[in-house]
file protein02.txt (compact mmCIF, C-alpha atoms)
# COMPACT_ATOMS: atom_id res chain seq x y z
CA MET Z 1 6.60 19.30 9.93
CA ASN Z 2 8.33 17.41 7.13
CA TRP Z 3 5.50 14.90 7.06
CA VAL Z 4 3.00 17.75 6.77
CA ILE Z 5 5.02 19.16 3.84
CA LEU Z 6 5.06 15.68 2.29
CA GLY Z 7 1.28 15.41 2.72
CA ILE Z 8 0.76 18.79 1.05
CA ALA Z 9 3.09 17.64 -1.78
CA GLY Z 10 0.84 14.60 -2.26
CA ILE Z 11 -2.26 16.80 -2.36
CA PHE Z 12 -0.66 19.05 -4.99
CA GLU Z 13 0.08 15.93 -7.02
CA CYS Z 14 -3.67 15.20 -7.01
CA VAL Z 15 -4.33 18.81 -8.04
CA GLY Z 16 -1.88 18.37 -10.92
CA ALA Z 17 -3.47 15.10 -12.03
CA VAL Z 18 -6.97 16.56 -11.91
CA GLY Z 19 -5.67 19.56 -13.85
CA LEU Z 20 -4.25 17.17 -16.45
CA LYS Z 21 -7.63 15.48 -16.84
CA SER Z 22 -9.58 18.72 -16.99
CA SER Z 23 -7.11 20.42 -19.35
CA ASP Z 24 -8.60 18.39 -22.21
CA GLY Z 25 -5.21 17.52 -23.67
CA PHE Z 26 -3.74 20.94 -22.73
CA ARG Z 27 -6.46 22.70 -24.75
CA ASN Z 28 -7.90 24.45 -21.70
CA ARG Z 29 -5.36 27.08 -20.64
CA ARG Z 30 -6.61 27.57 -17.06
CA TRP Z 31 -6.49 23.86 -16.21
CA THR Z 32 -3.13 23.50 -17.96
CA ILE Z 33 -1.72 26.20 -15.67
CA ILE Z 34 -3.23 24.42 -12.63
CA PHE Z 35 -1.60 21.18 -13.83
CA VAL Z 36 1.85 22.77 -14.25
CA LEU Z 37 1.65 24.63 -10.93
CA GLY Z 38 0.31 21.58 -9.10
CA MET Z 39 3.05 19.27 -10.38
CA PHE Z 40 5.79 21.85 -9.85
CA LEU Z 41 4.74 22.64 -6.25
CA SER Z 42 4.28 18.94 -5.61
CA MET Z 43 7.81 18.04 -6.66
CA PHE Z 44 9.28 21.14 -5.00
CA LEU Z 45 7.65 20.25 -1.65
CA LEU Z 46 8.67 16.59 -2.10
CA SER Z 47 12.29 17.67 -2.51
CA ILE Z 48 12.06 19.75 0.69
CA ALA Z 49 10.45 16.93 2.67
CA ALA Z 50 13.01 14.45 1.33
CA ARG Z 51 15.82 16.37 3.05
CA ALA Z 52 14.61 14.98 6.37
CA ILE Z 53 12.63 11.88 5.33
CA PRO Z 54 14.47 9.05 3.50
CA ILE Z 55 13.80 9.58 -0.22
CA GLY Z 56 12.37 6.08 -0.80
CA THR Z 57 9.86 6.47 2.01
CA ALA Z 58 9.03 10.02 0.96
CA TYR Z 59 8.54 8.95 -2.67
CA ALA Z 60 6.32 6.01 -1.65
CA VAL Z 61 4.06 8.16 0.55
CA TRP Z 62 3.95 10.95 -2.06
CA THR Z 63 3.00 8.56 -4.89
CA GLY Z 64 0.49 6.81 -2.65
CA ILE Z 65 -1.32 10.02 -1.71
CA GLY Z 66 -1.22 11.20 -5.33
CA ALA Z 67 -2.59 8.03 -6.91
CA VAL Z 68 -5.19 7.27 -4.23
CA GLY Z 69 -6.31 10.90 -3.98
CA THR Z 70 -6.63 11.16 -7.76
CA ALA Z 71 -8.64 7.92 -7.92
CA ILE Z 72 -10.98 9.09 -5.11
CA TRP Z 73 -11.41 12.48 -6.77
CA GLY Z 74 -12.22 10.73 -10.06
CA MET Z 75 -14.81 8.52 -8.39
CA TYR Z 76 -16.61 11.22 -6.41
CA ARG Z 77 -16.27 14.28 -8.61
CA LEU Z 78 -15.86 12.97 -12.16
CA GLY Z 79 -18.23 10.00 -11.97
CA GLU Z 80 -15.59 7.31 -12.55
CA SER Z 81 -16.40 3.69 -11.73
CA LYS Z 82 -16.52 2.64 -8.08
CA SER Z 83 -16.72 -1.07 -8.93
CA LEU Z 84 -14.97 -3.45 -6.58
CA PRO Z 85 -12.66 -5.01 -9.26
CA ARG Z 86 -11.49 -1.54 -10.30
CA ILE Z 87 -10.77 -0.49 -6.72
CA ALA Z 88 -8.97 -3.82 -6.13
CA CYS Z 89 -6.78 -3.36 -9.22
CA LEU Z 90 -5.98 0.26 -8.34
CA SER Z 91 -5.05 -0.93 -4.83
CA LEU Z 92 -2.73 -3.59 -6.28
CA ILE Z 93 -0.94 -0.97 -8.40
CA VAL Z 94 -0.57 1.49 -5.51
CA LEU Z 95 0.63 -1.33 -3.23
CA GLY Z 96 3.15 -2.38 -5.90
CA VAL Z 97 4.43 1.16 -6.38
CA ILE Z 98 4.77 1.68 -2.61
CA THR Z 99 6.66 -1.63 -2.39
CA LEU Z 100 9.00 -0.58 -5.22
CA ARG Z 101 9.52 3.04 -4.24
CA GLY Z 102 9.58 2.42 -0.52
CA THR Z 103 12.34 -0.13 -0.66
CA GLU Z 104 14.48 0.38 -3.75
CA ILE Z 105 15.61 3.94 -3.38
CA ASP Z 106 16.34 3.68 0.35
CA ASP Z 107 18.29 0.51 -0.38
CA ASP Z 108 20.33 2.17 -3.10
CA ALA Z 109 20.79 5.48 -1.31
CA SER Z 110 22.08 4.00 1.93
CA SER Z 111 24.52 1.72 0.17
CA SER Z 112 26.68 1.52 3.26
CA SER Z 113 24.14 -0.04 5.59
CA ALA Z 114 20.91 -1.91 5.01
CA ALA Z 115 21.37 -2.43 1.28
CA GLU Z 116 24.75 -4.10 1.60
CA VAL Z 117 23.58 -6.42 4.33
CA HIS Z 118 20.67 -7.29 2.10
CA GLU Z 119 22.75 -7.65 -1.05
CA SER Z 120 25.58 -9.57 0.51
CA SER Z 121 23.14 -12.18 1.70
CA ILE Z 122 22.10 -12.76 -1.92
CA HIS Z 123 25.36 -12.05 -3.74
CA PRO Z 124 28.24 -13.22 -1.55
CA LYS Z 125 30.74 -11.82 -4.07
CA THR Z 126 29.84 -8.15 -3.47
CA SER Z 127 32.50 -6.12 -1.76
CA THR Z 128 30.81 -6.26 1.61
CA GLY Z 129 30.45 -10.00 1.40
CA LEU Z 130 34.10 -10.35 0.42
CA GLY Z 131 35.14 -7.94 3.14
CA ARG Z 132 33.16 -9.92 5.64
CA SER Z 133 34.67 -13.24 4.67
CA ILE Z 134 38.18 -11.75 4.84
CA HIS Z 135 37.32 -10.20 8.17
CA ALA Z 136 35.93 -13.52 9.37
CA LYS Z 137 39.11 -15.34 8.28
CA MET Z 138 41.32 -12.81 9.99
CA SER Z 139 39.45 -13.16 13.24
CA GLU Z 140 39.59 -16.94 13.14
CA MET S 1 -5.39 3.34 -28.34
CA ALA S 2 -5.50 5.59 -25.31
CA TRP S 3 -3.81 2.92 -23.17
CA VAL S 4 -0.91 2.75 -25.65
CA LEU S 5 -0.41 6.48 -25.08
CA VAL S 6 -0.22 5.79 -21.33
CA LEU S 7 2.44 3.16 -22.07
CA VAL S 8 4.46 5.58 -24.23
CA SER S 9 4.10 8.18 -21.50
CA ALA S 10 5.34 5.70 -18.88
CA CYS S 11 8.43 4.97 -21.01
CA PHE S 12 9.36 8.67 -20.93
CA GLU S 13 8.68 8.70 -17.21
CA VAL S 14 11.20 5.87 -16.80
CA ALA S 15 13.66 7.95 -18.82
CA TRP S 16 13.37 11.04 -16.65
CA ALA S 17 13.19 9.15 -13.38
CA SER S 18 16.34 7.21 -14.32
CA GLY S 19 18.10 10.36 -15.46
CA LEU S 20 17.14 12.45 -12.43
CA PRO S 21 20.16 11.49 -10.26
CA ALA S 22 22.50 12.65 -13.06
CA THR S 23 21.18 16.22 -12.74
CA HIS S 24 22.55 16.49 -9.18
CA GLY S 25 19.46 18.36 -8.03
CA PHE S 26 19.14 20.26 -11.33
CA THR S 27 22.56 21.86 -10.84
CA ARG S 28 24.02 20.36 -14.04
CA LEU S 29 22.67 21.94 -17.21
CA GLY S 30 22.96 19.15 -19.81
CA PRO S 31 21.30 16.34 -17.87
CA SER S 32 18.71 18.79 -16.51
CA ILE S 33 17.63 19.75 -20.04
CA VAL S 34 17.31 16.09 -21.05
CA VAL S 35 15.33 15.24 -17.91
CA ILE S 36 12.96 18.20 -18.31
CA ALA S 37 12.46 17.35 -22.00
CA ALA S 38 11.62 13.76 -21.02
CA MET S 39 9.19 15.08 -18.38
CA VAL S 40 7.37 17.15 -20.98
CA ALA S 41 7.43 14.22 -23.42
CA SER S 42 5.96 12.08 -20.67
CA PHE S 43 3.01 14.34 -19.91
CA LEU S 44 1.97 15.06 -23.51
CA PRO S 45 0.72 11.55 -24.41
CA LEU S 46 -0.74 11.16 -20.92
CA ALA S 47 -2.74 14.36 -21.34
CA LYS S 48 -4.11 13.05 -24.64
CA ALA S 49 -4.90 9.66 -23.11
CA VAL S 50 -6.89 11.02 -20.18
CA ARG S 51 -9.23 12.85 -22.50
CA THR S 52 -10.95 9.48 -22.85
CA LEU S 53 -9.59 7.36 -19.97
CA PRO S 54 -10.64 7.72 -16.32
CA ILE S 55 -7.94 9.80 -14.60
CA GLY S 56 -7.86 7.53 -11.56
CA SER S 57 -6.94 4.48 -13.65
CA ALA S 58 -4.66 6.25 -16.12
CA TYR S 59 -2.68 8.04 -13.41
CA ALA S 60 -2.22 4.86 -11.34
CA VAL S 61 -1.18 2.84 -14.42
CA TRP S 62 1.22 5.60 -15.50
CA THR S 63 2.82 5.77 -12.05
CA GLY S 64 2.83 1.99 -11.75
CA LEU S 65 4.43 1.30 -15.12
CA GLY S 66 6.90 4.11 -14.49
CA ALA S 67 8.01 2.60 -11.18
CA THR S 68 8.08 -0.91 -12.67
CA GLY S 69 10.09 0.21 -15.67
CA THR S 70 12.55 2.13 -13.52
CA ALA S 71 13.02 -0.87 -11.22
CA THR S 72 13.37 -3.27 -14.17
CA LEU S 73 15.91 -1.00 -15.83
CA GLY S 74 17.80 -0.85 -12.55
CA ILE S 75 17.93 -4.64 -12.34
CA LEU S 76 18.83 -5.22 -16.02
CA TRP S 77 21.24 -2.34 -16.63
CA HIS S 78 22.49 -0.95 -13.34
CA GLY S 79 22.99 -4.31 -11.68
CA ASP S 80 20.46 -3.66 -8.91
CA VAL S 81 19.58 -6.76 -6.96
CA ALA S 82 16.38 -8.51 -8.06
CA SER S 83 15.30 -8.46 -4.42
CA VAL S 84 12.09 -10.00 -3.12
CA SER S 85 10.60 -6.53 -2.58
CA ARG S 86 11.36 -5.44 -6.17
CA ILE S 87 9.93 -8.61 -7.71
CA THR S 88 6.88 -8.38 -5.43
CA GLY S 89 6.33 -4.74 -6.36
CA ILE S 90 6.69 -5.38 -10.09
CA THR S 91 4.32 -8.35 -9.87
CA LEU S 92 1.67 -6.37 -7.95
CA VAL S 93 1.76 -3.52 -10.48
CA ILE S 94 1.51 -5.85 -13.48
CA LEU S 95 -1.38 -7.77 -11.87
CA GLY S 96 -3.16 -4.49 -11.16
CA VAL S 97 -2.60 -3.08 -14.66
CA ALA S 98 -3.66 -6.34 -16.31
CA GLY S 99 -6.71 -6.49 -14.05
CA LEU S 100 -7.69 -2.93 -14.93
CA ARG S 101 -7.44 -3.85 -18.59
CA VAL S 102 -9.74 -6.82 -18.06
CA PHE S 103 -12.33 -4.72 -16.20
CA SER S 104 -11.89 -1.56 -18.27
CA SER S 105 -14.42 -0.41 -20.81
CA ASP S 106 -11.64 0.65 -23.22
CA LYS S 107 -10.54 -2.78 -24.43
CA THR S 108 -8.84 -1.74 -27.62
CA ALA S 109 -5.10 -1.74 -27.53
CA LEU S 110 -3.06 -2.22 -24.39
CA ALA S 111 -3.00 -6.02 -24.56
CA PRO S 112 -0.36 -6.38 -27.31
CA ALA S 113 1.69 -3.42 -26.12
CA GLU S 114 1.51 -4.49 -22.50
CA SER S 115 3.18 -7.80 -23.23
CA SER S 116 6.41 -5.94 -23.92
CA ALA S 117 6.28 -4.41 -20.44
CA VAL S 118 5.54 -7.79 -18.93
CA GLU S 119 8.30 -9.72 -20.64
CA GLU S 120 11.13 -7.52 -19.36
CA PRO S 121 11.24 -8.75 -15.76
CA SER S 122 11.04 -12.39 -16.84
CA ARG S 123 14.30 -12.23 -18.78

call {"tool": "encode", "arguments": {"input": "protein02.txt", "output": "C-alpha cells"}}
result
Amino acid sequence: MNWVILGIAGIFECVGAVGLKSSDGFRNRRWTIIFVLGMFLSMFLLSIAARAIPIGTAYAVWTGIGAVGTAIWGMYRLGESKSLPRIACLSLIVLGVITLRGTEIDDDASSSSAAEVHESSIHPKTSTGLGRSIHAKMSE
Amino acid sequence: MAWVLVLVSACFEVAWASGLPATHGFTRLGPSIVVIAAMVASFLPLAKAVRTLPIGSAYAVWTGLGATGTATLGILWHGDVASVSRITGITLVILGVAGLRVFSSDKTALAPAESSAVEEPSR
C-alpha cells in the first residue's frame, strides 16, 4: 500500500511539473493551481509513504517517477525532442539523482547501522571505529 | 539565460532541502517559514525558465542540480563522507547536465554559470 501511495506521489509530481510548464510563468491561473495542488499532494503523499519506506529509497523512487514521467509527458504531449543523446543525458541525471537520494539519506538517517559501518571503513577515527578498536583491544 | 534561471532555482532548492530537517516535520514555525520561502523562491525562476525550455530537461536538471548541491553541501559543511555512491551520483548528474547543454538548442548561458556548480565537488 505504501508503494502505491509513493507511486501516486510520483504521478502528482509529474502533474505539478506539467502544471508549471503550462502555467506560462504563473500567468495562467488554472495551471498555476494545478501546479500548487500537484506539488502539495505529491509531497504530502511522499511524507505518508516515507513513514513505512526508508526516506532515501522513497525519495529516490519519487524523484525518479517525477523526472522520467515529466520527460515522457514532454516528449509525447508537448512535442519535446526524442533524440537519443537527450534521452541518454536525461537518463544519466535521473540515475545520478537516484544514486544520491537512494543512498545518502538512508545512510545519514540510520546512523547507528549501515552508515557507521560504511563510514568507519573510510574514517577509522569516527566514534564507531574508535569503539571497535577499543572493543577489539579489550577482547584480545 | 533560461538555464541560468534553472541554476538559481536549484540553489534555492538546495537551501530548502538542506533546511527541511530543521523544521521537524513543519512543527517549528521559524525554520518552516524559511523553508517555505525558499520553496517559493525556488519555483519562481524555474517557472520563468520553462516558458522557453523543454520541461523534461529543465525539471531533470533542476532536480539533478538540487540533489548534487545538497550532497556537496553535506560533504563540505556537514562533514558527510565523500562516499563512492555520492561521488558517483554527483558525477552522473554533472555529465548528464553538461551533455544536455551540448545537445540543447538553447546554447546561451549555462556554460559559465555551470562551472561554479562543477568546481564545488573538486575542492

call {"tool": "interface_residues", "arguments": {"input": "protein02.txt", "of": "chain S", "to": "chain Z", "cutoff": "9 Å", "atoms": "only C-alpha atoms", "output": "PyMOL selection string"}}
result
chain S and resi 43-51+53-57+59-61+63-68+71+80-81+83+85-100+103-104

call {"tool": "residues_around", "arguments": {"input": "protein02.txt", "residues": "region 4-12 of chain Z", "least_positions_apart": "2", "cutoff": "6 Å", "atoms": "only C-alpha atoms", "output": "list in words"}}
result
Met1, Asn2, Cys14, Val15, Gly38, Ser42, Leu45, Leu46, Ala49, Trp62, Ile65 and Gly66 of chain Z

call {"tool": "residues_near_point", "arguments": {"input": "protein02.txt", "point": "(15.4, 11.6, -12.1)", "cutoff": "12 Å", "atoms": "all atoms listed in the file", "output": "PyMOL selection string"}}
result
(chain Z and resi 43+47+59+105) or (chain S and resi 12-26+31-39+66-67+70)

call {"tool": "atom_distance", "arguments": {"input": "protein02.txt", "atom1": "CA of Val4 (chain S)", "atom2": "CA of Val61 (chain Z)"}}
result
27.2 Å

call {"tool": "decode", "arguments": {"input": "protein02.txt", "residues": "region 23-77 of chain Z", "atoms": "C-alpha atoms", "output": "tab-separated table (two decimals), in the first residue's frame"}}
result
chain	number	residue	atom	x	y	z
Z	23	SER	CA	1.25	27.93	-16.28
Z	24	ASP	CA	3.34	30.16	-18.56
Z	25	GLY	CA	5.38	31.57	-15.68
Z	26	PHE	CA	2.37	31.53	-13.30
Z	27	ARG	CA	0.39	33.74	-15.70
Z	28	ASN	CA	-2.28	31.09	-16.29
Z	29	ARG	CA	-4.27	30.81	-13.07
Z	30	ARG	CA	-5.81	27.38	-13.72
Z	31	TRP	CA	-2.47	25.70	-14.45
Z	32	THR	CA	-0.85	27.51	-11.52
Z	33	ILE	CA	-3.48	25.98	-9.21
Z	34	ILE	CA	-2.85	22.54	-10.77
Z	35	PHE	CA	0.89	23.05	-10.15
Z	36	VAL	CA	0.42	24.02	-6.49
Z	37	LEU	CA	-2.07	21.21	-5.83
Z	38	GLY	CA	0.07	18.66	-7.67
Z	39	MET	CA	3.24	19.53	-5.77
Z	40	PHE	CA	1.45	19.76	-2.42
Z	41	LEU	CA	-0.32	16.39	-2.82
Z	42	SER	CA	2.91	14.89	-4.12
Z	43	MET	CA	4.93	15.90	-1.08
Z	44	PHE	CA	2.07	15.08	1.31
Z	45	LEU	CA	1.78	11.53	-0.10
Z	46	LEU	CA	5.58	11.19	-0.09
Z	47	SER	CA	5.64	12.04	3.61
Z	48	ILE	CA	2.96	9.40	4.29
Z	49	ALA	CA	4.77	6.73	2.26
Z	50	ALA	CA	8.07	7.61	3.94
Z	51	ARG	CA	6.68	6.54	7.32
Z	52	ALA	CA	6.97	2.92	6.19
Z	53	ILE	CA	9.56	3.11	3.39
Z	54	PRO	CA	13.10	4.35	4.22
Z	55	ILE	CA	13.18	8.05	3.29
Z	56	GLY	CA	16.21	7.73	0.96
Z	57	THR	CA	14.57	4.94	-1.03
Z	58	ALA	CA	11.22	6.73	-1.05
Z	59	TYR	CA	12.85	9.98	-2.21
Z	60	ALA	CA	14.79	8.19	-4.97
Z	61	VAL	CA	11.71	6.42	-6.34
Z	62	TRP	CA	9.60	9.59	-6.04
Z	63	THR	CA	12.17	11.73	-7.88
Z	64	GLY	CA	12.67	9.01	-10.49
Z	65	ILE	CA	8.96	8.74	-11.30
Z	66	GLY	CA	8.62	12.53	-11.32
Z	67	ALA	CA	11.56	13.26	-13.62
Z	68	VAL	CA	11.02	10.33	-16.00
Z	69	GLY	CA	7.25	10.86	-16.13
Z	70	THR	CA	7.70	14.57	-16.81
Z	71	ALA	CA	10.23	13.87	-19.58
Z	72	ILE	CA	7.92	11.28	-21.21
Z	73	TRP	CA	4.95	13.64	-20.96
Z	74	GLY	CA	7.05	16.39	-22.56
Z	75	MET	CA	8.08	14.11	-25.41
Z	76	TYR	CA	4.65	12.70	-26.23
Z	77	ARG	CA	2.32	15.57	-25.38
